[in-house]
$ cat work-v5.txt   # compact mmCIF, C-alpha atoms and all ligand atoms
# COMPACT_ATOMS: atom_id res chain seq x y z
CA MET A 1 0.78 7.16 37.89
CA ALA A 2 3.39 5.45 35.72
CA TYR A 3 3.28 4.45 32.06
CA GLN A 4 4.48 1.05 30.91
CA ILE A 5 7.40 0.83 28.52
CA VAL A 6 7.03 -2.18 26.23
CA LYS A 7 8.94 -3.74 23.35
CA LYS A 8 7.72 -2.72 19.90
CA ASN A 9 5.78 -5.54 18.13
CA SER A 10 6.13 -8.20 20.85
CA LEU A 11 4.71 -5.70 23.40
CA ARG A 12 6.77 -7.41 26.09
CA PHE A 13 6.77 -5.37 29.30
CA VAL A 14 10.12 -3.67 29.92
CA ARG A 15 9.55 -1.43 32.92
CA ASN A 16 7.36 1.26 34.42
CA THR A 17 8.34 4.86 33.86
CA THR A 18 9.95 6.78 36.70
CA GLU A 19 8.28 9.86 38.11
CA ILE A 20 10.32 12.23 35.97
CA GLU A 21 9.79 10.13 32.83
CA THR A 22 6.06 10.16 33.49
CA LYS A 23 6.30 13.93 33.50
CA TYR A 24 8.26 13.88 30.24
CA ILE A 25 5.48 11.91 28.58
CA SER A 26 2.64 14.07 29.78
CA LYS A 27 4.22 17.48 29.49
CA PRO A 28 5.74 19.21 26.47
CA TYR A 29 8.66 21.43 27.45
CA GLU A 30 9.73 24.58 25.77
CA PHE A 31 12.14 24.04 22.88
CA GLY A 32 15.81 24.33 23.85
CA THR A 33 15.47 24.41 27.65
CA GLU A 34 17.38 22.00 29.94
CA ASP A 35 14.16 20.14 30.71
CA TRP A 36 13.48 19.88 27.01
CA LYS A 37 16.96 18.41 26.40
CA ALA A 38 16.47 15.81 29.12
CA GLN A 39 13.08 14.97 27.67
CA GLN A 40 14.62 14.60 24.21
CA LEU A 41 17.27 12.28 25.62
CA PHE A 42 14.57 10.08 27.09
CA PHE A 43 12.69 9.96 23.77
CA THR A 44 15.94 9.12 21.95
CA GLU A 45 16.49 6.16 24.23
CA LEU A 46 12.94 4.91 23.64
CA LYS A 47 13.31 5.23 19.87
CA ASP A 48 16.76 3.62 19.74
CA CYS A 49 15.68 0.67 21.87
CA LYS A 50 12.53 0.26 19.76
CA TYR A 51 10.22 0.80 22.69
CA TRP A 52 6.60 1.84 22.74
CA ILE A 53 4.64 3.24 25.65
CA LYS A 54 1.40 1.81 26.95
CA CYS A 55 -0.81 4.64 28.01
CA SER A 56 -1.90 4.83 31.63
CA CYS A 57 -5.50 5.71 30.74
CA ASN A 58 -6.47 2.12 29.98
CA ASN A 59 -3.15 0.28 29.76
CA ASN A 60 -4.14 -0.54 26.23
CA ALA A 61 -3.62 2.45 23.97
CA PHE A 62 -0.11 3.00 22.65
CA ILE A 63 2.12 6.02 22.39
CA TYR A 64 4.95 6.02 19.84
CA ILE A 65 8.09 8.04 19.31
CA ARG A 66 8.82 9.77 16.06
CA THR A 67 11.70 11.92 14.95
CA THR A 68 12.10 14.88 12.63
CA SER A 69 15.25 16.81 11.81
CA LYS A 70 14.73 19.01 14.86
CA LYS A 71 13.30 16.79 17.53
CA TYR A 72 11.75 13.67 18.89
CA TYR A 73 8.12 13.72 19.82
CA LEU A 74 5.30 11.42 20.87
CA TYR A 75 2.20 10.57 18.96
CA SER A 76 -0.67 8.14 18.99
CA LEU A 77 -2.43 6.55 16.03
CA GLU A 78 -6.14 6.62 15.41
CA ALA A 79 -6.88 3.28 13.75
CA ASP A 80 -9.54 0.60 13.99
CA SER A 81 -6.94 -2.02 14.72
CA ARG A 82 -5.53 -0.15 17.70
CA PRO A 83 -7.18 0.46 21.04
CA SER A 84 -7.93 4.11 21.55
CA HIS A 85 -7.34 6.28 24.58
CA GLU A 86 -10.00 6.72 27.21
CA LYS A 87 -11.89 9.96 27.41
CA GLY A 88 -10.05 12.33 29.68
CA CYS A 89 -6.71 10.65 29.00
CA LYS A 90 -3.85 12.82 30.30
CA PHE A 91 -1.59 12.14 27.32
CA LYS A 92 -1.53 15.02 24.88
CA PRO A 93 0.62 14.37 21.82
CA VAL A 94 3.44 16.91 21.53
CA LEU A 95 2.58 18.98 18.52
CA ASN A 96 5.26 19.05 15.92
CA ASP A 97 5.92 22.14 13.82
CA GLY A 98 3.64 21.48 10.90
CA ALA A 99 4.79 17.91 10.34
CA GLN A 100 2.41 15.55 8.58
CA PRO A 101 0.71 12.96 10.77
CA PRO A 102 2.56 9.68 10.38
CA LYS A 103 1.29 7.49 7.57
CA LYS A 104 0.56 3.84 8.02
CA ARG A 105 3.30 1.48 6.92
CA LEU A 106 3.12 -2.15 5.87
CA ASN A 107 2.92 -4.21 9.02
CA ASP A 108 -0.14 -6.47 9.03
CA ASP A 109 0.13 -10.19 8.48
CA ASP A 110 -3.36 -11.48 9.05
CA PHE A 111 -6.22 -9.75 7.30
CA VAL A 112 -9.63 -9.92 8.89
CA PHE A 113 -12.15 -8.46 6.49
CA PHE A 114 -15.48 -9.27 8.01
CA ARG A 115 -16.43 -9.87 11.59
CA LYS A 116 -17.97 -13.20 12.48
CA THR A 117 -21.29 -11.54 13.25
CA SER A 118 -21.73 -10.63 9.58
CA GLN A 119 -22.75 -14.28 9.14
CA THR A 120 -26.20 -13.49 10.45
CA LYS A 121 -26.69 -10.43 8.27
CA THR A 122 -28.32 -10.74 4.90
CA PRO A 123 -25.66 -10.42 2.25
CA ASN A 124 -25.97 -8.90 -1.19
CA LYS A 125 -27.24 -5.63 0.06
CA PRO A 126 -25.65 -2.96 -2.10
CA ASN A 127 -23.98 -0.82 0.53
CA ALA A 128 -22.39 1.54 -1.94
CA ASP A 129 -23.17 2.93 -5.34
CA PRO A 130 -20.26 1.70 -7.48
CA LYS A 131 -20.27 5.05 -9.26
CA GLN A 132 -19.48 6.74 -5.97
CA VAL A 133 -16.09 5.11 -5.86
CA LYS A 134 -13.36 6.94 -4.07
CA ARG A 135 -9.67 6.60 -3.78
CA VAL A 136 -8.97 4.58 -0.69
CA LYS A 137 -5.25 4.09 -0.50
CA ASP A 138 -5.53 2.83 3.05
CA ASN A 139 -8.16 0.40 1.88
CA LYS A 140 -7.55 -2.94 3.58
CA LEU A 141 -7.97 -4.96 0.38
CA TYR A 142 -5.36 -2.76 -1.32
CA SER A 143 -3.13 -3.17 1.68
CA LEU A 144 -3.33 -6.95 1.21
CA LEU A 145 -2.54 -6.59 -2.53
CA ARG A 146 0.38 -4.32 -1.71
CA HIS A 147 1.82 -6.85 0.75
CA ILE A 148 1.45 -9.64 -1.79
CA ALA A 149 3.10 -7.57 -4.53
CA GLN A 150 6.05 -6.83 -2.29
CA ASP A 151 6.47 -10.43 -1.11
CA ALA A 152 6.12 -11.65 -4.70
CA ASN A 153 8.57 -9.05 -6.06
CA LEU A 154 5.89 -7.91 -8.50
CA ASN A 155 6.98 -4.35 -7.84
CA LYS A 156 10.47 -4.90 -9.25
CA VAL A 157 11.95 -5.55 -12.65
CA ILE A 158 15.53 -6.67 -12.35
CA GLY A 159 17.93 -6.52 -15.29
CA GLY A 160 15.09 -5.67 -17.66
CA THR A 161 14.05 -9.33 -17.58
CA ARG A 162 10.82 -10.06 -19.42
CA SER A 163 8.24 -12.17 -17.66
CA SER A 164 4.98 -13.81 -18.72
CA TYR A 165 1.39 -13.90 -17.53
CA GLU A 166 1.87 -17.41 -16.13
CA GLU A 167 5.05 -16.43 -14.31
CA GLN A 168 3.45 -13.32 -12.78
CA LYS A 169 0.51 -15.43 -11.64
CA GLU A 170 2.86 -17.96 -10.01
CA ASN A 171 4.74 -15.14 -8.28
CA PHE A 172 1.50 -13.60 -7.06
CA LEU A 173 0.44 -16.92 -5.51
CA GLN A 174 3.83 -17.33 -3.87
CA GLY A 175 3.51 -13.87 -2.37
CA ALA A 176 -0.02 -14.71 -1.27
CA ALA A 177 1.27 -17.75 0.63
CA LYS A 178 2.92 -15.45 3.17
CA ARG A 179 -0.28 -13.64 4.18
CA THR A 180 -3.46 -14.92 5.73
CA ILE A 181 -7.12 -13.98 5.84
CA ASN A 182 -8.63 -15.09 9.13
CA GLY A 183 -5.59 -17.29 9.56
CA VAL A 184 -5.98 -19.03 6.19
CA PRO A 185 -3.02 -18.63 3.78
CA VAL A 186 -4.22 -16.34 1.00
CA SER A 187 -2.61 -18.54 -1.67
CA GLN A 188 -5.07 -21.32 -0.77
CA ILE A 189 -8.06 -19.09 -1.26
CA THR A 190 -6.90 -17.07 -4.27
CA PHE A 191 -8.44 -17.93 -7.60
CA MET A 192 -7.66 -16.52 -10.98
CA ASN A 193 -10.40 -18.08 -13.00
CA GLU A 194 -14.17 -17.99 -12.69
CA SER A 195 -14.39 -21.62 -13.81
CA GLN A 196 -12.76 -22.52 -10.52
CA LEU A 197 -15.73 -21.34 -8.50
CA SER A 198 -16.84 -24.86 -7.56
CA LYS A 199 -13.32 -25.41 -6.25
CA VAL A 200 -13.48 -22.07 -4.43
CA ARG A 201 -16.67 -23.20 -2.73
CA LYS A 202 -15.17 -26.52 -1.67
CA VAL A 203 -12.13 -24.84 -0.18
CA MET A 204 -14.24 -22.25 1.61
CA LEU A 205 -16.59 -24.83 3.06
CA SER A 206 -13.72 -27.04 4.18
CA TYR A 207 -12.24 -24.09 6.06
CA GLU A 208 -15.57 -23.22 7.58
CA THR A 209 -16.09 -26.69 9.00
CA LYS A 210 -12.46 -27.10 10.02
CA ASN A 211 -11.82 -23.79 11.68
CA ASN A 212 -15.30 -22.49 12.30
CA VAL A 213 -14.45 -19.23 10.57
CA PHE A 214 -16.64 -17.58 8.03
CA PRO A 215 -14.57 -18.06 4.86
CA THR A 216 -13.48 -15.30 2.51
CA SER A 217 -11.78 -15.94 -0.83
CA LEU A 218 -9.87 -13.66 -3.14
CA LEU A 219 -10.65 -13.64 -6.86
CA ILE A 220 -8.11 -12.07 -9.18
CA TRP A 221 -8.53 -11.14 -12.81
CA ILE A 222 -6.45 -9.22 -15.31
CA ALA A 223 -8.65 -7.19 -17.64
CA SER A 224 -7.81 -4.73 -20.39
CA GLU A 225 -10.83 -2.59 -19.55
CA TYR A 226 -13.84 -2.54 -17.28
CA GLU A 227 -17.09 -0.69 -17.01
CA ILE A 228 -18.91 0.44 -13.88
CA LYS A 229 -22.72 0.49 -14.00
CA ASP A 230 -25.24 1.29 -11.29
CA SER A 231 -25.14 -1.86 -9.22
CA TYR A 232 -22.46 -3.92 -10.93
CA PHE A 233 -19.29 -3.75 -12.95
CA THR A 234 -18.29 -5.77 -15.99
CA PHE A 235 -15.10 -6.69 -17.79
CA LYS A 236 -13.59 -9.39 -19.98
CA ASP A 237 -11.06 -11.65 -18.32
CA ILE A 238 -7.82 -12.80 -19.93
CA ASN A 239 -9.72 -15.57 -21.78
CA ARG A 240 -12.18 -12.96 -23.06
CA ASN A 241 -15.01 -14.31 -20.93
CA GLU A 242 -17.44 -11.63 -19.83
CA GLN A 243 -17.54 -11.23 -16.04
CA LYS A 244 -20.22 -9.38 -14.13
CA ILE A 245 -19.70 -8.59 -10.44
CA LYS A 246 -22.88 -7.48 -8.73
CA ASN A 247 -23.37 -5.41 -5.60
CA SER A 248 -19.74 -5.08 -4.78
CA ASN A 249 -18.28 -2.14 -2.91
CA VAL A 250 -15.72 -1.01 -5.52
CA SER A 251 -12.65 1.08 -4.78
CA LEU A 252 -10.59 2.46 -7.62
CA HIS A 253 -6.88 3.04 -7.29
CA HIS A 254 -7.06 5.69 -10.05
CA PRO A 255 -10.42 7.43 -9.58
CA LEU A 256 -9.84 10.02 -12.29
CA GLY A 257 -8.26 7.53 -14.66
CA SER A 258 -9.58 5.76 -17.71
CA GLU A 259 -11.68 2.59 -17.57
CA LYS A 260 -10.47 1.70 -21.05
CA LYS A 261 -6.70 2.12 -21.02
CA GLY A 262 -5.68 -1.07 -19.25
CA PRO A 263 -4.67 -3.56 -18.19
CA PHE A 264 -6.00 -3.62 -14.65
CA LEU A 265 -5.76 -6.09 -11.84
CA ILE A 266 -9.23 -6.67 -10.45
CA ALA A 267 -9.40 -8.14 -6.97
CA THR A 268 -12.71 -9.21 -5.49
CA LEU A 269 -13.36 -10.64 -2.08
CA CYS A 270 -15.74 -13.53 -2.45
CA LYS A 271 -17.94 -15.14 0.14
CA PHE A 272 -20.36 -18.01 0.01
CA ASP A 273 -23.78 -17.73 1.55
CA ASN A 274 -24.53 -21.18 2.84
CA ARG A 275 -28.25 -20.61 3.34
CA GLU A 276 -28.86 -19.12 -0.09
CA ARG A 277 -26.24 -21.42 -1.61
CA LYS A 278 -24.66 -18.66 -3.63
CA PHE A 279 -21.58 -16.52 -3.92
CA TYR A 280 -21.54 -12.85 -3.21
CA TYR A 281 -18.82 -10.24 -3.62
CA PRO A 282 -18.77 -7.68 -0.82
CA GLN A 283 -15.64 -5.77 -1.88
CA SER A 284 -13.54 -5.10 -4.97
CA TYR A 285 -10.42 -3.13 -5.73
CA ILE A 286 -9.25 -2.16 -9.21
CA VAL A 287 -5.64 -1.14 -9.75
CA PRO A 288 -3.85 -0.36 -13.03
CA ILE A 289 -0.89 -2.62 -13.83
CA VAL A 290 1.95 -2.22 -16.33
CA SER A 291 0.98 -5.10 -18.65
CA ASN A 292 -0.34 -8.68 -18.69
CA GLU A 293 3.29 -9.76 -18.41
CA CYS A 294 4.23 -7.33 -15.65
CA TRP A 295 1.81 -6.98 -12.73
CA MET A 296 3.57 -4.00 -11.21
CA TYR A 297 0.82 -1.73 -9.80
CA VAL A 298 0.87 1.82 -11.11
CA ASP A 299 -1.11 4.88 -10.08
CA SER A 300 -2.00 6.17 -13.53
CA HIS A 301 -1.77 5.53 -17.26
CA TYR A 302 1.20 7.94 -17.39
CA GLU A 303 3.04 5.81 -14.87
CA ARG A 304 2.15 2.73 -16.89
CA LEU A 305 3.71 4.27 -20.01
CA MET A 306 6.76 5.30 -18.01
CA ALA A 307 7.19 1.80 -16.55
CA GLN A 308 6.77 0.13 -19.96
CA SER A 309 9.37 2.42 -21.48
CA LEU A 310 11.83 1.96 -18.59
CA ILE A 311 11.49 -1.82 -18.82
CA GLY A 312 12.03 -1.65 -22.59
CA ARG A 313 15.21 0.42 -22.17
CA ALA A 314 16.43 -1.78 -19.31
CA ASN A 315 16.04 -4.84 -21.50
CA TYR A 316 17.77 -3.19 -24.45
CA PHE A 317 20.74 -1.87 -22.46
CA LYS A 318 21.15 -5.22 -20.68
CA SER A 319 21.20 -7.17 -23.94
CA ASN A 320 23.34 -4.73 -25.90
CA SER A 321 25.68 -3.20 -23.35
CA GLN A 322 25.45 -5.52 -20.31
CA ILE A 323 24.13 -2.61 -18.28
CA TYR A 324 22.43 -3.87 -15.17
CA SER A 325 19.41 -2.04 -13.80
CA LYS A 326 16.65 -2.39 -11.27
CA ILE A 327 13.26 -0.71 -11.68
CA ILE A 328 11.24 -0.55 -8.50
CA LYS A 329 7.76 0.74 -7.85
CA PRO A 330 8.09 1.29 -4.09
CA ALA A 331 5.36 -0.63 -2.30
CA ASP A 332 6.01 0.98 1.06
CA LEU A 333 6.95 4.36 2.40
CA ILE A 334 10.66 5.12 2.59
CA GLU A 335 11.95 6.94 5.66
CA THR A 336 14.42 9.76 5.17
CA LYS A 337 17.10 10.33 7.78
CA ASP A 338 15.00 13.22 9.07
CA GLY A 339 12.13 10.89 9.75
CA ASP A 340 9.96 11.99 6.84
CA LEU A 341 8.11 9.28 5.00
CA VAL A 342 8.08 9.49 1.22
CA LEU A 343 6.69 7.34 -1.56
CA PRO A 344 8.43 8.03 -4.88
CA ASP A 345 6.70 7.01 -8.11
CA PHE A 346 9.71 4.97 -9.26
CA GLU A 347 13.04 4.02 -7.81
CA LEU A 348 15.83 3.26 -10.28
CA GLU A 349 19.19 1.62 -9.99
CA ILE A 350 21.35 1.75 -13.09
CA LYS A 351 24.84 0.34 -12.54
CA ASN A 352 25.92 2.11 -9.35
CA SER A 353 23.54 5.03 -9.61
CA HIS A 354 20.41 5.30 -7.56
CA PHE A 355 17.65 7.83 -8.19
CA PHE A 356 13.91 8.45 -8.18
CA ILE A 357 11.52 9.37 -10.95
CA GLU A 358 8.43 11.44 -10.29
CA VAL A 359 5.78 11.46 -13.00
CA MET A 360 3.89 14.73 -12.88
CA GLY A 361 0.47 13.67 -14.02
CA MET A 362 -1.81 16.54 -13.08
CA ASN A 363 -1.80 20.25 -13.51
CA SER A 364 -3.80 21.32 -10.49
CA TRP A 365 -2.35 23.75 -8.01
CA ALA A 366 -2.89 21.37 -5.07
CA TYR A 367 -1.15 18.51 -6.86
CA ARG A 368 1.87 20.62 -7.78
CA GLU A 369 1.96 21.99 -4.26
CA ARG A 370 2.04 18.47 -2.79
CA LYS A 371 4.81 17.41 -5.16
CA ALA A 372 6.75 20.57 -4.31
CA ASP A 373 6.56 19.52 -0.68
CA VAL A 374 7.63 15.87 -1.07
CA ILE A 375 10.29 16.12 -3.77
CA PRO A 376 12.83 18.02 -1.59
CA LYS A 377 12.33 15.34 1.09
CA MET A 378 13.03 12.56 -1.45
CA THR A 379 16.12 14.42 -2.64
CA LYS A 380 17.66 13.79 0.79
CA ILE A 381 17.74 10.07 -0.12
CA ALA A 382 18.62 10.21 -3.82
CA PRO A 383 18.37 12.59 -6.79
CA VAL A 384 14.85 13.03 -8.14
CA PHE A 385 14.09 13.42 -11.85
CA GLU A 386 10.70 14.76 -12.78
CA PHE A 387 8.89 13.89 -15.94
CA ASP A 388 6.07 16.27 -16.78
CA ALA A 389 3.40 14.24 -18.54
CA CYS A 390 1.15 17.30 -18.91
CA ILE A 391 3.32 19.05 -21.50
CA PRO A 392 3.06 16.73 -24.53
CA SER A 393 -0.18 17.41 -26.36
CA THR A 394 -0.72 14.18 -28.30
CA GLU A 395 -0.36 10.49 -27.39
CA GLN A 396 2.48 10.21 -29.90
CA ASP A 397 4.33 13.23 -28.44
CA LEU A 398 3.85 11.77 -24.99
CA SER A 399 5.24 8.36 -25.88
CA ASP A 400 8.15 10.00 -27.74
CA SER A 401 9.08 12.21 -24.83
CA ILE A 402 8.84 9.32 -22.35
CA PHE A 403 11.09 7.27 -24.65
CA ASN A 404 13.62 10.12 -24.83
CA PHE A 405 13.50 10.68 -21.08
CA CYS A 406 14.20 6.99 -20.39
CA ILE A 407 16.93 6.52 -22.98
CA HIS A 408 18.63 9.64 -21.65
CA LYS A 409 18.67 8.23 -18.11
CA PHE A 410 20.18 4.94 -19.27
CA ARG A 411 22.84 6.73 -21.35
CA GLU A 412 23.63 9.10 -18.50
CA PHE A 413 23.97 6.45 -15.79
CA GLY A 414 24.69 3.27 -17.77
ZN ZN B 1 -4.30 7.40 26.98

$ encode --input "work-v5.txt" --output "structure tokens"
Amino acid sequence: MAYQIVKKNSLRFVRNTTEIETKYISKPYEFGTEDWKAQQLFFTELKDCKYWIKCSCNNNAFIYIRTTSKKYYLYSLEADSRPSHEKGCKFKPVLNDGAQPPKKRLNDDDFVFFRKTSQTKTPNKPNADPKQVKRVKDNKLYSLLRHIAQDANLNKVIGGTRSSYEEQKENFLQGAAKRTINGVPVSQITFMNESQLSKVRKVMLSYETKNNVFPTSLLIWIASEYEIKDSYFTFKDINRNEQKIKNSNVSLHHPLGSEKKGPFLIATLCKFDNRERKFYYPQSYIVPIVSNECWMYVDSHYERLMAQSLIGRANYFKSNSQIYSKIIKPADLIETKDGDLVLPDFELEIKNSHFFIEVMGMNSWAYRERKADVIPKMTKIAPVFEFDACIPSTEQDLSDSIFNFCIHKFREFG
């Protein structure tokens, strides 16, 4: 029984596997043997030609090729969006020596948040205690925000250029134009102001009648702090109007972080219940940002301070010494030449130098262990400089040592 080789992404059929290739897919050979070498050659060809394999169990599930420093191997992803293998499927992923399972990269275009059938369900049922928030980095709403940030260049500060709230908002909407929710461009259903709710409703209803899809909108606020209560969360928007979002399933980007030390970007999916004639807010995501004038997402307050300081130095060195720099908060995993995927805290370009900054924000053994694992992998791409935010004991010491760290990097590489 042959497998189908298809083109990555387009899934266009290329050919069926030969008998020996079928064997290569279903059987792991012993490392270093002649059979193993031939199998590796076959995997190399698949990877180089950007091919995927359709599994023979249901002609639906996919098998992918991945590479590490030592070898190529096959794997399959468990994800809602991908068909899974049938029970009793013959394909057994070749186990790799202790390698991490592949992480999901940015690749969606259309975001479908709620199935059509949810139309018949009664909304407004609190399906999660907002206090039980957890860190959901593969959260679909965050994935959408991440795509928008990357398309809008919100994750980069080039030449230390200062921006403004209005400019960041414009950029966000431009980025949102490239993505869709149920086929509707996100820019057309993104609203940054509660007073626009009547407009939101009009747009949603027009899409419902036009396309017969249950409409979802995206509400965005920038808030300096927020507070999570039992069944709702509150915050003041940029115009200092109090907002209260009830019965929303909230995910925090920074679960151990402060609710007070902002600003934060608050994203809420909004739906309109036609029968009840009211809005409801099934899902929210709260992510720290650098400032009202820089909507770069950060993972912690330490990273926020680091980004603010880097931007300050970049601006200073550009104005005073014409030193050009680029500060990037990577929005997507970066692949090393060994096939490892890494996500540095910051990526810096100063003149012709290129390096990463890792902000060590926790003192736990597990955290340090994880960093000790990823930093050597990052070093294969560019030098990594670590800033240990746990050492300074006061806020003032912390901000002084971040300042010194940043100025040192600009002097060293500028
Ligand atoms: Zn299968």

$ residues_near_ligand --input "work-v5.txt" --ligand "ligand ZN 1 (chain B)" --cutoff "12 Å" --atoms "all atoms listed in the file" --output "PyMOL selection string"
chain A and resi 2-4+25-26+53-64+75-78+83-93

$ atom_distance --input "work-v5.txt" --atom1 "atom CA of A:Asn171" --atom2 "atom CA of A:Ala149"
8.6 Å

$ atom_distance --input "work-v5.txt" --atom1 "atom CA of A:Asn16" --atom2 "atom CA of A:Lys37"
21.2 Å

$ atom_distance --input "work-v5.txt" --atom1 "atom CA of A:Val287" --atom2 "atom CA of A:Leu197"
22.6 Å

$ closest_residue --input "work-v5.txt" --among "A:Ala382, A:Tyr367, A:Tyr324, A:Met306" --to "A:Ser401" --atoms "all atoms listed in the file"
A:Met306
